[in-house]
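Below is one structure, written out as structure tokens; the observations come after it.
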Amino acid sequence: MKIKRVLNNNAAISENNSGVEVLLLGPGLAFGKKVGQSVDMEKVERTFLLKDSENMNKFTEIAITASMSEIMTVERIINFAKIKLEKKLNESIYVNLTDHLHSTIERIDSGVTLTNPLKWDIARLYPNEYAVGKKALEIIYKKLAKDLPDDEAAFIAQHFINAEVESGIDGSNSYEIIKIVGEVEEIVKDYFHTEFDVESLNYYRFVTHLKFFAQRVLEKKHYDEDDEDIITTLKKRYSQQLKCAEKIRKYVLDNY
């Protein structure tokens with residue numbers, strides 16, 4: 001393989017046998033090298049190929065500044081997530097998570113830490129993704145000797161929520177979805193003077209419904225339900241629940 005572009009001493013762009021650009025990583029593999037020279041394949045530790053050209057271009061630019069150890073740490077986190085979540089992930093996760101980790105480490109090294117106001121909501125509504133975030137902190141500490149705060153577990157979880165392509169929910173709206181779900185929950189708890197059993201199947205069903213409801217709110221979509229019999233039954237049998245739903249309706253109209 002010949003070098004098409006040198007990114008830094010440890011990273012270069014080359015082409016595979018099909019003429020597709022690939023990112024090569026390895027200690028010193030591009031040191032002193034010029035475009036057109038052959039790559040010492042014994043120095044190549046990782047090869048990255050993202051199918052989407054835009055993602056590949058972004059990942060290439062990130063690889064110029066991010067260290068090889070950061071990129072390989074992200075790869076390890078993503079591999080764990082694939083097993084834990086058992087969901088198909090958009091390959092943009094490589095771009096977004098590498099960029100996030102690199103910028104986070106730079107920020108923390110300069111003494112700046114961020115809090116995630118949705119940390120506990122993310123942990124509650126997306127327990128598997130939050131577990132990935134927590135595991136990511138362990139991997140980062142082990143591989144990079146960086147002890148990141150718990151809030152970062154939630155930030156990392158959000159990246160995986162956004163990358164899930166088969167959830168039926170548009171991950172790009174994850175922040176607003178979590179916000180709406182949390183606020184609707186508060187309306188319900190306040191109205192009925194109750195708390196939720198967050199470990200119960202009923203709560204899981206309720207939250208799943210709220211996530212899709214929040215998605216429809218953000219997309220300004222709704223069901224056209226004109227069945228008067230259902231509405232009459234609801235009014236008779238579930239008058240208190242209907243009044244609570246009216247409070248939720250007012251909240252949505254006022255805010256969205």
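Naming scheme: A, B, ... for chains in displayed order of the structure tokens; residues 1 onward per chain; ligands 1 onward as shown.
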Find the residues around Val198 of chain A up to 10 Å (only C-alpha atoms counted), leave out those fewer than 6 positions away in its own chain, and share them as number ranges by chain. A: 124-125, 204, 207
Output C-alpha atoms for every residue in the selection just made, as a PDB file, in the first residue's frame.
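See part26.pdb below for the written result:
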```
ATOM      1  CA  ARG A 124     -33.073   6.007  34.167  1.00  0.00           C
ATOM      2  CA  LEU A 125     -34.443   6.128  30.632  1.00  0.00           C
ATOM      3  CA  TYR A 204     -40.720   0.491  31.147  1.00  0.00           C
ATOM      4  CA  VAL A 207     -41.468   5.404  29.370  1.00  0.00           C
TER       5      VAL A 207
END
```
Test item: residues at most 10 Å from Ala81 of chain A, only C-alpha atoms, excluding those fewer than 3 positions along its chain, as a compact mmCIF listing (two decimals) with N, CA, C and O atoms, in the first residue's frame:
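Dumped everything to selection_24.txt:
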```
# COMPACT_ATOMS: atom_id res chain seq x y z
N GLU A 75 -12.33 2.88 19.79
CA GLU A 75 -12.67 1.62 19.11
C GLU A 75 -13.03 0.54 20.13
O GLU A 75 -14.01 -0.20 19.94
N ARG A 76 -12.28 0.47 21.21
CA ARG A 76 -12.55 -0.53 22.25
C ARG A 76 -13.92 -0.27 22.91
O ARG A 76 -14.68 -1.21 23.16
N ILE A 77 -14.22 1.00 23.16
CA ILE A 77 -15.52 1.35 23.75
C ILE A 77 -16.66 0.96 22.82
O ILE A 77 -17.67 0.39 23.26
N ILE A 78 -16.51 1.26 21.54
CA ILE A 78 -17.56 0.94 20.57
C ILE A 78 -17.75 -0.57 20.45
O ILE A 78 -18.89 -1.06 20.35
N LYS A 84 -22.92 -5.03 24.22
CA LYS A 84 -23.84 -4.68 25.31
C LYS A 84 -25.22 -4.28 24.79
O LYS A 84 -26.24 -4.72 25.33
N LEU A 85 -25.25 -3.44 23.77
CA LEU A 85 -26.52 -2.88 23.30
C LEU A 85 -27.25 -3.80 22.32
O LEU A 85 -28.47 -3.72 22.19
N GLU A 86 -26.49 -4.62 21.59
CA GLU A 86 -27.08 -5.51 20.58
C GLU A 86 -27.93 -4.73 19.59
O GLU A 86 -29.03 -5.14 19.22
N LYS A 87 -27.44 -3.56 19.21
CA LYS A 87 -28.14 -2.72 18.24
C LYS A 87 -27.16 -2.28 17.16
O LYS A 87 -25.97 -2.14 17.42
N LEU A 89 -25.30 0.30 15.03
CA LEU A 89 -24.89 1.68 15.28
C LEU A 89 -24.46 2.35 13.99
O LEU A 89 -23.77 1.75 13.16
N ASN A 128 -29.03 0.85 29.57
CA ASN A 128 -27.97 0.12 28.87
C ASN A 128 -26.93 1.06 28.27
O ASN A 128 -25.72 0.80 28.35
N GLU A 129 -27.41 2.15 27.69
CA GLU A 129 -26.47 3.12 27.12
C GLU A 129 -25.65 3.80 28.22
O GLU A 129 -24.45 4.05 28.05
N ALA A 131 -24.87 2.38 31.04
CA ALA A 131 -23.91 1.36 31.47
C ALA A 131 -22.70 1.34 30.54
O ALA A 131 -21.56 1.14 30.99
N VAL A 132 -22.94 1.55 29.25
CA VAL A 132 -21.83 1.66 28.30
C VAL A 132 -20.96 2.87 28.64
O VAL A 132 -19.72 2.80 28.61
N GLY A 133 -21.62 3.98 28.98
CA GLY A 133 -20.88 5.18 29.37
C GLY A 133 -20.02 4.94 30.59
O GLY A 133 -18.87 5.39 30.65
N LYS A 135 -18.85 2.04 31.64
CA LYS A 135 -17.75 1.14 31.23
C LYS A 135 -16.70 1.92 30.44
O LYS A 135 -15.49 1.66 30.58
N ALA A 136 -17.16 2.87 29.65
CA ALA A 136 -16.23 3.70 28.87
C ALA A 136 -15.26 4.45 29.78
O ALA A 136 -14.07 4.57 29.47
N ALA A 157 -23.11 8.20 26.78
CA ALA A 157 -24.36 7.47 26.53
C ALA A 157 -25.18 8.17 25.46
O ALA A 157 -25.77 7.52 24.58
N PHE A 160 -24.23 7.28 21.99
CA PHE A 160 -24.71 5.98 21.54
C PHE A 160 -26.22 6.00 21.28
O PHE A 160 -26.69 5.35 20.35
```
Mind listing the strand (DSSP E) residues of segment 3-200 of chain A, per DSSP on the backbone, as JSON, numbers by chain? {"A": [3, 4, 5, 6, 7, 8, 11, 12, 13, 14, 15, 21, 22, 23, 24, 25, 46, 47, 48]}
Near-Ile64 of chain A list (10 Å; only C-alpha atoms; drop same-chain fewer than 2 positions) as number ranges by chain: A: 6-12, 59-62, 66-68
Can you measure atom CA of Lys179 of chain A to atom CA of Ile83 of chain A for me? One decimal in Å is fine.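 Separation of atom CA of Lys179 of chain A and atom CA of Ile83 of chain A: 27.7 Å.
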Skipping near chain neighbours, those fewer than 5 positions away, what residues fall within 10 Å of Leu49 of chain A using only C-alpha atoms, listed as a PDB file with C-alpha atoms, in the first residue's frame?
```
ATOM      1  CA  GLU A  15      -5.924   2.978  -0.652  1.00  0.00           C
ATOM      2  CA  ASN A  16      -6.899  -0.656  -0.487  1.00  0.00           C
ATOM      3  CA  VAL A  20     -11.012   2.887  -1.516  1.00  0.00           C
ATOM      4  CA  GLU A  21      -9.342   5.232   0.972  1.00  0.00           C
ATOM      5  CA  VAL A  22      -8.430   3.726   4.342  1.00  0.00           C
ATOM      6  CA  LEU A  23      -6.974   5.234   7.498  1.00  0.00           C
ATOM      7  CA  LEU A  24      -3.858   3.483   8.753  1.00  0.00           C
ATOM      8  CA  ASN A  55     -17.872  10.294   7.829  1.00  0.00           C
ATOM      9  CA  MET A  56     -14.534   9.095   6.503  1.00  0.00           C
ATOM     10  CA  PHE A  59     -12.737  10.949  10.848  1.00  0.00           C
ATOM     11  CA  GLU A  91     -20.717   4.512  11.774  1.00  0.00           C
TER      12      GLU A  91
END
```
Using DSSP on the backbone, list every residue of segment 116-248 of chain A that comes out as alpha helix (DSSP H), and give them as a ChimeraX atom specification. /A:119-125,127-144,151-163,174-192,201-218,228-237,239-248
Give me the residues near Asn116 of chain A as an MDAnalysis selection string, where near means some atom within 7 Å (using only C-alpha atoms) and where sequence neighbours in that chain fewer than 3 positions away do not count. chainID A and resid 119 151 154
Of the residues A:Ile3, A:Ala145, A:Val44, A:Val39, which is the one nearest to Glu70 of chain A, using only C-alpha atoms?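 That would be A:Ala145, the residue with the smallest distance to Glu70 of chain A.
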Give me the residues within 10 Å of segment 185-190 of chain A as a list in words, counting only C-alpha atoms and dropping any in the same chain fewer than 4 places off.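 Listed by chain and then number, they are Lys179, Ile180, Val181, Thr194, Glu195, Phe196, Phe206, Val207, Leu210, Gln241, Cys244, Ala245, Lys247, Ile248 and Tyr251 of chain A.
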Of A:Phe31, A:Tyr141, A:Phe155, A:Phe212, the one nearest to Tyr175 of chain A when counting only C-alpha atoms is A:Phe155
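Take atom CA of Val217 of chain A and atom CA of Phe192 of chain A: the distance between them is 23.4 Å.
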